[in-house]
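K.L.:
Dropping in data25.cif, which is mmCIF, C-alpha atoms and all ligand atoms:
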data_query
#
loop_
_atom_site.label_atom_id
_atom_site.label_comp_id
_atom_site.auth_asym_id
_atom_site.auth_seq_id
_atom_site.Cartn_x
_atom_site.Cartn_y
_atom_site.Cartn_z
CA MET Y 14 85.87 94.57 101.07
CA THR Y 15 85.63 96.75 104.17
CA GLN Y 16 87.63 99.92 103.80
CA ALA Y 17 88.55 102.15 106.67
CA ARG Y 18 91.68 104.05 107.48
CA PRO Y 19 94.47 101.74 108.52
CA GLU Y 20 96.03 102.23 111.91
CA ILE Y 21 99.61 103.51 111.63
CA VAL Y 22 102.10 101.94 114.05
CA LEU Y 23 105.79 102.86 114.38
CA VAL Y 24 108.47 100.37 115.39
CA ARG Y 25 112.19 100.84 115.69
CA GLY Y 26 113.79 97.65 114.41
CA ASP Y 27 114.47 95.22 111.60
CA ILE Y 28 111.73 94.65 109.03
CA THR Y 29 112.82 91.05 108.42
CA GLU Y 30 111.68 90.14 111.95
CA GLN Y 31 108.13 91.45 111.61
CA GLU Y 32 105.26 89.00 112.00
CA VAL Y 33 102.85 90.58 109.56
CA ASP Y 34 100.99 89.40 106.48
CA ALA Y 35 103.33 91.29 104.17
CA ILE Y 36 106.56 93.24 104.39
CA VAL Y 37 107.54 95.76 101.74
CA ASN Y 38 110.98 95.64 100.16
CA ALA Y 39 112.68 98.80 98.94
CA ALA Y 40 113.90 96.96 95.86
CA ASN Y 41 115.59 98.16 92.69
CA SER Y 42 114.09 97.75 89.26
CA SER Y 43 116.14 94.65 88.46
CA LEU Y 44 114.33 92.75 91.26
CA LEU Y 45 117.52 90.72 91.54
CA GLY Y 46 118.70 91.95 94.90
CA GLY Y 47 120.72 94.83 96.24
CA GLY Y 48 122.01 96.26 99.48
CA GLY Y 49 120.23 97.80 102.45
CA VAL Y 50 116.83 96.41 103.30
CA ASP Y 51 116.75 94.45 100.02
CA GLY Y 52 119.91 92.57 100.94
CA ALA Y 53 118.62 91.86 104.45
CA ILE Y 54 115.33 90.46 103.12
CA HIS Y 55 117.03 88.10 100.66
CA ARG Y 56 119.61 87.00 103.25
CA ARG Y 57 117.05 86.19 105.93
CA GLY Y 58 114.31 84.98 103.59
CA GLY Y 59 116.48 82.55 101.64
CA PRO Y 60 116.67 81.68 97.92
CA ALA Y 61 112.93 81.17 97.32
CA ILE Y 62 112.38 84.94 97.10
CA LEU Y 63 115.08 85.45 94.46
CA ALA Y 64 113.78 82.44 92.51
CA GLU Y 65 110.34 84.07 92.26
CA CYS Y 66 111.90 87.40 91.35
CA ARG Y 67 113.77 85.69 88.50
CA ASP Y 68 110.50 84.16 87.29
CA LEU Y 69 108.92 87.62 87.30
CA ARG Y 70 111.81 88.97 85.22
CA ALA Y 71 111.36 86.08 82.79
CA SER Y 72 107.62 86.74 82.43
CA ARG Y 73 105.64 89.91 83.27
CA TYR Y 74 108.62 92.14 84.09
CA GLY Y 75 111.13 91.50 81.33
CA LYS Y 76 112.37 95.08 81.57
CA GLY Y 77 112.24 95.16 85.35
CA LEU Y 78 109.82 96.77 87.77
CA ARG Y 79 109.19 100.46 87.13
CA THR Y 80 109.70 103.07 89.82
CA GLY Y 81 106.53 103.47 91.90
CA GLN Y 82 105.16 100.01 90.99
CA ALA Y 83 104.82 96.99 93.31
CA VAL Y 84 104.74 93.21 92.94
CA ALA Y 85 104.49 90.35 95.46
CA THR Y 86 106.49 87.18 96.01
CA THR Y 87 106.74 84.58 98.71
CA ALA Y 88 108.51 85.60 101.90
CA GLY Y 89 110.51 82.37 101.99
CA ARG Y 90 111.77 81.72 105.51
CA LEU Y 91 110.73 85.09 106.91
CA PRO Y 92 107.96 85.21 109.51
CA ALA Y 93 105.88 87.36 107.14
CA ARG Y 94 103.75 85.59 104.51
CA HIS Y 95 104.57 87.77 101.53
CA VAL Y 96 107.17 90.25 100.34
CA ILE Y 97 105.87 93.16 98.28
CA HIS Y 98 108.70 94.60 96.21
CA THR Y 99 108.49 98.24 95.22
CA VAL Y 100 111.01 100.57 93.61
CA GLY Y 101 111.44 103.95 95.25
CA PRO Y 102 112.47 107.05 93.33
CA VAL Y 103 116.05 108.30 93.55
CA TYR Y 104 116.60 111.72 95.14
CA GLN Y 105 119.28 113.60 93.25
CA GLY Y 106 120.32 117.15 92.62
CA GLY Y 107 118.25 118.30 95.59
CA SER Y 108 114.93 116.84 94.44
CA GLY Y 109 112.92 113.75 93.71
CA ASP Y 110 109.51 112.91 92.28
CA ALA Y 111 107.25 112.78 95.35
CA SER Y 112 104.36 111.34 93.32
CA LEU Y 113 106.47 108.23 92.70
CA LEU Y 114 107.18 107.82 96.42
CA THR Y 115 103.44 108.17 97.08
CA SER Y 116 102.83 105.59 94.37
CA CYS Y 117 105.16 103.08 96.07
CA HIS Y 118 102.96 103.18 99.16
CA ARG Y 119 99.63 103.17 97.32
CA GLU Y 120 100.64 100.38 94.93
CA SER Y 121 102.01 98.28 97.79
CA LEU Y 122 98.69 98.65 99.61
CA ARG Y 123 96.81 97.75 96.43
CA VAL Y 124 98.89 94.56 96.08
CA ALA Y 125 98.34 93.86 99.79
CA ASP Y 126 94.59 94.07 99.19
CA GLU Y 127 94.89 91.61 96.32
CA LEU Y 128 96.68 89.23 98.68
CA GLY Y 129 94.04 89.69 101.39
CA ALA Y 130 96.70 91.07 103.75
CA ARG Y 131 95.47 92.91 106.82
CA THR Y 132 98.85 93.84 108.32
CA ILE Y 133 101.77 95.26 106.37
CA ALA Y 134 105.19 96.62 107.31
CA PHE Y 135 107.05 99.30 105.33
CA PRO Y 136 110.67 100.42 105.61
CA ALA Y 137 111.54 104.07 105.02
CA ILE Y 138 111.57 103.69 101.22
CA SER Y 139 114.17 105.72 99.28
CA THR Y 140 115.91 107.03 102.41
CA GLY Y 141 119.00 104.83 102.16
CA VAL Y 142 121.08 104.50 99.02
CA TYR Y 143 118.43 106.44 97.08
CA GLY Y 144 119.17 109.52 99.17
CA TRP Y 145 115.74 110.97 100.05
CA PRO Y 146 115.90 113.16 103.18
CA VAL Y 147 114.11 111.11 105.81
CA GLU Y 148 112.01 113.95 107.27
CA ASP Y 149 110.50 114.63 103.84
CA ALA Y 150 110.13 110.95 102.97
CA ALA Y 151 108.30 110.38 106.28
CA ARG Y 152 105.77 113.12 105.48
CA ILE Y 153 105.13 111.71 102.00
CA ALA Y 154 104.85 108.12 103.27
CA VAL Y 155 102.42 108.95 106.08
CA GLU Y 156 100.25 111.14 103.82
CA ALA Y 157 100.16 108.39 101.19
CA VAL Y 158 98.96 105.83 103.71
CA ARG Y 159 96.42 108.18 105.28
CA GLY Y 160 94.93 108.96 101.89
CA ALA Y 161 94.75 105.34 100.71
CA GLU Y 162 91.60 103.29 100.28
CA THR Y 163 92.50 99.85 101.56
CA ALA Y 164 91.24 96.92 103.60
CA VAL Y 165 94.63 96.75 105.37
CA GLN Y 166 94.06 97.34 109.07
CA GLU Y 167 97.59 97.98 110.31
CA VAL Y 168 100.41 99.76 108.54
CA ARG Y 169 103.62 99.36 110.51
CA PHE Y 170 106.55 101.57 109.61
CA VAL Y 171 109.72 99.77 110.70
CA LEU Y 172 112.52 102.26 111.18
CA PHE Y 173 116.06 101.08 111.38
CA ASP Y 174 117.57 104.03 113.20
CA GLU Y 175 116.57 106.70 115.66
CA ARG Y 176 116.58 109.55 113.15
CA ALA Y 177 114.13 107.73 110.89
CA TYR Y 178 111.97 106.80 113.87
CA ASP Y 179 111.88 110.41 115.06
CA ALA Y 180 111.03 111.65 111.56
CA PHE Y 181 108.05 109.33 111.30
CA ALA Y 182 106.99 110.03 114.89
CA ALA Y 183 106.82 113.75 114.06
CA GLN Y 184 104.25 112.92 111.34
CA VAL Y 185 102.13 110.59 113.44
CA GLN Y 186 101.06 112.78 116.31
P1 LIG Y 201 116.55 102.74 99.08
O1 LIG Y 201 117.39 102.20 97.96
O2 LIG Y 201 115.06 102.76 98.74
O3 LIG Y 201 117.06 104.04 99.60
P2 LIG Y 201 117.74 101.23 101.31
O4 LIG Y 201 117.55 99.78 101.58
O5 LIG Y 201 119.09 101.70 100.94
O6 LIG Y 201 116.62 101.61 100.21
O7 LIG Y 201 117.26 102.06 102.58
C1 LIG Y 201 115.91 102.29 102.93
C2 LIG Y 201 115.79 102.42 104.43
O8 LIG Y 201 115.76 101.12 105.01
C3 LIG Y 201 116.95 103.16 105.10
O9 LIG Y 201 116.38 104.08 106.03
C4 LIG Y 201 117.71 102.06 105.82
O10 LIG Y 201 118.30 102.52 107.03
C5 LIG Y 201 116.59 101.10 106.15
N1 LIG Y 201 116.95 99.70 106.42
C6 LIG Y 201 118.08 99.02 106.06
N2 LIG Y 201 118.00 97.75 106.50
C7 LIG Y 201 116.80 97.62 107.14
C8 LIG Y 201 116.14 96.56 107.83
N3 LIG Y 201 116.68 95.35 107.95
N4 LIG Y 201 114.90 96.83 108.37
C9 LIG Y 201 114.33 98.04 108.25
N5 LIG Y 201 114.91 99.07 107.62
C10 LIG Y 201 116.13 98.87 107.07
#
Step by step, read the file and then write its structure as structure tokens.
Ligand code: ADP
P.N.:
Amino acid sequence: MTQARPEIVLVRGDITEQEVDAIVNAANSSLLGGGGVDGAIHRRGGPAILAECRDLRASRYGKGLRTGQAVATTAGRLPARHVIHTVGPVYQGGSGDASLLTSCHRESLRVADELGARTIAFPAISTGVYGWPVEDAARIAVEAVRGAETAVQEVRFVLFDERAYDAFAAQVQ
């Protein structure tokens, strides 16, 4: 496996529209759907994704997916080939465990390597309902990707709003 630093690309838009080998879902540990990017992925991808998530809950992940871990399913009707579900840490009381947010990115890239994916799109994990300040989350996410050993060639951060885009742009100069 050839390993070099992946190229980091920033896009303002909707992750469900990305034509990449894998998109990452900011899931919750139940794997059974939620709001935000999770809801959008299941809505646009159709029931095949949830069916595979249910199978995972009935087999390897009886207690759910732990924070910082990642697991792949089909992407159903989405243009991407796979969805990699990861669970971001919650930011509360003015702090969060940055090592878990790093782990989300590293584990997603490890799963992408197992799938043979060369292009992957991430949302701004933990910056929605989970409350992580986007400027800080952007720094952690970009550092995690830069420090990763992976055969993935392109990491695309897909930012839903201008503030998130600007926060990531400030890290990718
Ligand atoms: P978390 O629970 O990890 O905080 P959320 O889904 O609530 O996850 O939010 C994560 C980020 O994804 C937020 O910045 C939110 O604006 C963004 N987001 C929501 N929908 C989409 C989408 N369709 N494509 C890309 N990003 C999205």
K.L.:
Could the residues of chain Y that have an atom at most 6 Å from ligand LIG 201 (chain Y) be listed as JSON lines, each with its closest atom pair and the distance in Å to one decimal, counting only C-alpha atoms and all ligand atoms and ordered by chain and ascending residue number?
P.N.:
{"residue": "Y:Asp27", "atom": "CA", "partner": "Y:LIG201", "partner_atom": "N4", "distance": 3.6}
{"residue": "Y:Ile28", "atom": "CA", "partner": "Y:LIG201", "partner_atom": "N4", "distance": 3.9}
{"residue": "Y:Thr29", "atom": "CA", "partner": "Y:LIG201", "partner_atom": "N3", "distance": 5.8}
{"residue": "Y:Ala39", "atom": "CA", "partner": "Y:LIG201", "partner_atom": "O2", "distance": 4.6}
{"residue": "Y:Gly49", "atom": "CA", "partner": "Y:LIG201", "partner_atom": "O4", "distance": 3.4}
{"residue": "Y:Val50", "atom": "CA", "partner": "Y:LIG201", "partner_atom": "N2", "distance": 3.7}
{"residue": "Y:Asp51", "atom": "CA", "partner": "Y:LIG201", "partner_atom": "O4", "distance": 5.6}
{"residue": "Y:Ala53", "atom": "CA", "partner": "Y:LIG201", "partner_atom": "N3", "distance": 5.3}
{"residue": "Y:Gly101", "atom": "CA", "partner": "Y:LIG201", "partner_atom": "O2", "distance": 5.2}
{"residue": "Y:Pro136", "atom": "CA", "partner": "Y:LIG201", "partner_atom": "N5", "distance": 4.9}
{"residue": "Y:Ala137", "atom": "CA", "partner": "Y:LIG201", "partner_atom": "C2", "distance": 4.6}
{"residue": "Y:Ile138", "atom": "CA", "partner": "Y:LIG201", "partner_atom": "O2", "distance": 4.4}
{"residue": "Y:Ser139", "atom": "CA", "partner": "Y:LIG201", "partner_atom": "O2", "distance": 3.1}
{"residue": "Y:Thr140", "atom": "CA", "partner": "Y:LIG201", "partner_atom": "O3", "distance": 4.3}
{"residue": "Y:Gly141", "atom": "CA", "partner": "Y:LIG201", "partner_atom": "O7", "distance": 3.3}
{"residue": "Y:Val142", "atom": "CA", "partner": "Y:LIG201", "partner_atom": "O5", "distance": 3.9}
{"residue": "Y:Tyr143", "atom": "CA", "partner": "Y:LIG201", "partner_atom": "O3", "distance": 3.7}
{"residue": "Y:Gly144", "atom": "CA", "partner": "Y:LIG201", "partner_atom": "O3", "distance": 5.9}
{"residue": "Y:Val171", "atom": "CA", "partner": "Y:LIG201", "partner_atom": "C9", "distance": 5.5}
{"residue": "Y:Leu172", "atom": "CA", "partner": "Y:LIG201", "partner_atom": "N5", "distance": 5.3}
{"residue": "Y:Phe173", "atom": "CA", "partner": "Y:LIG201", "partner_atom": "N5", "distance": 4.4}
K.L.:
Taking into account all atoms listed in the file, which residue in the set Y:Gly47, Y:Gly58, Y:Gly160, Y:Pro19 is nearest to Val96 of chain Y?
P.N.:
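Nearest to Val96 of chain Y: Y:Gly58.
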K.L.:
Atom CA of Thr115 of chain Y and atom CA of Lys76 of chain Y are how many Å apart?
P.N.:
22.2 Å
K.L.:
Could you check which of Y:Thr86, Y:Ser43, Y:His118, Y:Leu23 is closest to Glu175 of chain Y, using only C-alpha atoms?
P.N.:
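Distance minimum relative to Glu175 of chain Y lands on Y:Leu23.
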K.L.:
From (97.0, 97.0, 106.9), in the file's coordinates, out to 10 Å: which residues are reached, counting only C-alpha atoms? Answer as a PyMOL selection string.
P.N.:
chain Y and resi 17-21+33-35+122+125-126+129-134+158+163-169
K.L.:
Selection from above, C-alpha atoms, as a PDB file, in the coordinates of the input, can you write it?
P.N.:
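That gives us selection17.pdb:
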ATOM      1  CA  ALA Y  17      88.550 102.150 106.670  1.00  0.00           C
ATOM      2  CA  ARG Y  18      91.680 104.050 107.480  1.00  0.00           C
ATOM      3  CA  PRO Y  19      94.470 101.740 108.520  1.00  0.00           C
ATOM      4  CA  GLU Y  20      96.030 102.230 111.910  1.00  0.00           C
ATOM      5  CA  ILE Y  21      99.610 103.510 111.630  1.00  0.00           C
ATOM      6  CA  VAL Y  33     102.850  90.580 109.560  1.00  0.00           C
ATOM      7  CA  ASP Y  34     100.990  89.400 106.480  1.00  0.00           C
ATOM      8  CA  ALA Y  35     103.330  91.290 104.170  1.00  0.00           C
ATOM      9  CA  LEU Y 122      98.690  98.650  99.610  1.00  0.00           C
ATOM     10  CA  ALA Y 125      98.340  93.860  99.790  1.00  0.00           C
ATOM     11  CA  ASP Y 126      94.590  94.070  99.190  1.00  0.00           C
ATOM     12  CA  GLY Y 129      94.040  89.690 101.390  1.00  0.00           C
ATOM     13  CA  ALA Y 130      96.700  91.070 103.750  1.00  0.00           C
ATOM     14  CA  ARG Y 131      95.470  92.910 106.820  1.00  0.00           C
ATOM     15  CA  THR Y 132      98.850  93.840 108.320  1.00  0.00           C
ATOM     16  CA  ILE Y 133     101.770  95.260 106.370  1.00  0.00           C
ATOM     17  CA  ALA Y 134     105.190  96.620 107.310  1.00  0.00           C
ATOM     18  CA  VAL Y 158      98.960 105.830 103.710  1.00  0.00           C
ATOM     19  CA  THR Y 163      92.500  99.850 101.560  1.00  0.00           C
ATOM     20  CA  ALA Y 164      91.240  96.920 103.600  1.00  0.00           C
ATOM     21  CA  VAL Y 165      94.630  96.750 105.370  1.00  0.00           C
ATOM     22  CA  GLN Y 166      94.060  97.340 109.070  1.00  0.00           C
ATOM     23  CA  GLU Y 167      97.590  97.980 110.310  1.00  0.00           C
ATOM     24  CA  VAL Y 168     100.410  99.760 108.540  1.00  0.00           C
ATOM     25  CA  ARG Y 169     103.620  99.360 110.510  1.00  0.00           C
TER      26      ARG Y 169
END
K.L.:
In Å to one decimal, how far is atom CA of Tyr178 of chain Y from atom CA of Arg25 of chain Y?
P.N.:
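That distance, rounded to one decimal, is 6.2 Å.
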K.L.:
Find the residues with any atom within 10 Å of (108.6, 81.3, 100.2); use all atoms listed in the file and the coordinates as given in the file, and write the answer as a PyMOL selection string.
P.N.:
chain Y and resi 58-65+86-91+93-96
K.L.:
So what do you get for atom CA of Ser42 of chain Y versus atom CA of Ala71 of chain Y, distance-wise?
P.N.:
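Spanning atom CA of Ser42 of chain Y to atom CA of Ala71 of chain Y is a straight-line distance of 13.6 Å.
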K.L.:
Would you list the contacts of Leu69 of chain Y as a ChimeraX atom specification, taking every protein, DNA or RNA residue within 9 Å and counting all atoms listed in the file, but skipping same-chain residues closer than 6 positions in sequence?
P.N.:
/Y:44,75,77,84
K.L.:
Generate a file of the selected residues that holds C-alpha atoms, formatted as a CSV table (one decimal), in the frame of the given file.
P.N.:
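And here's result_19.csv as it stands now:
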chain,number,residue,atom,x,y,z
Y,44,LEU,CA,114.3,92.8,91.3
Y,75,GLY,CA,111.1,91.5,81.3
Y,77,GLY,CA,112.2,95.2,85.4
Y,84,VAL,CA,104.7,93.2,92.9
K.L.:
Between Y:Ala85, Y:Val155, Y:Ile36, Y:Ala161, which is the closest to Arg119 of chain Y once you count all atoms listed in the file?
P.N.:
Y:Ala161
K.L.:
Considering all atoms listed in the file, return as a ChimeraX atom specification whatever protein or nucleic-acid residues lie within 7 Å of Glu120 of chain Y, sequence-local ones (same chain, fewer than 3 positions apart) excluded.
P.N.:
/Y:82-83,116-117,123-124
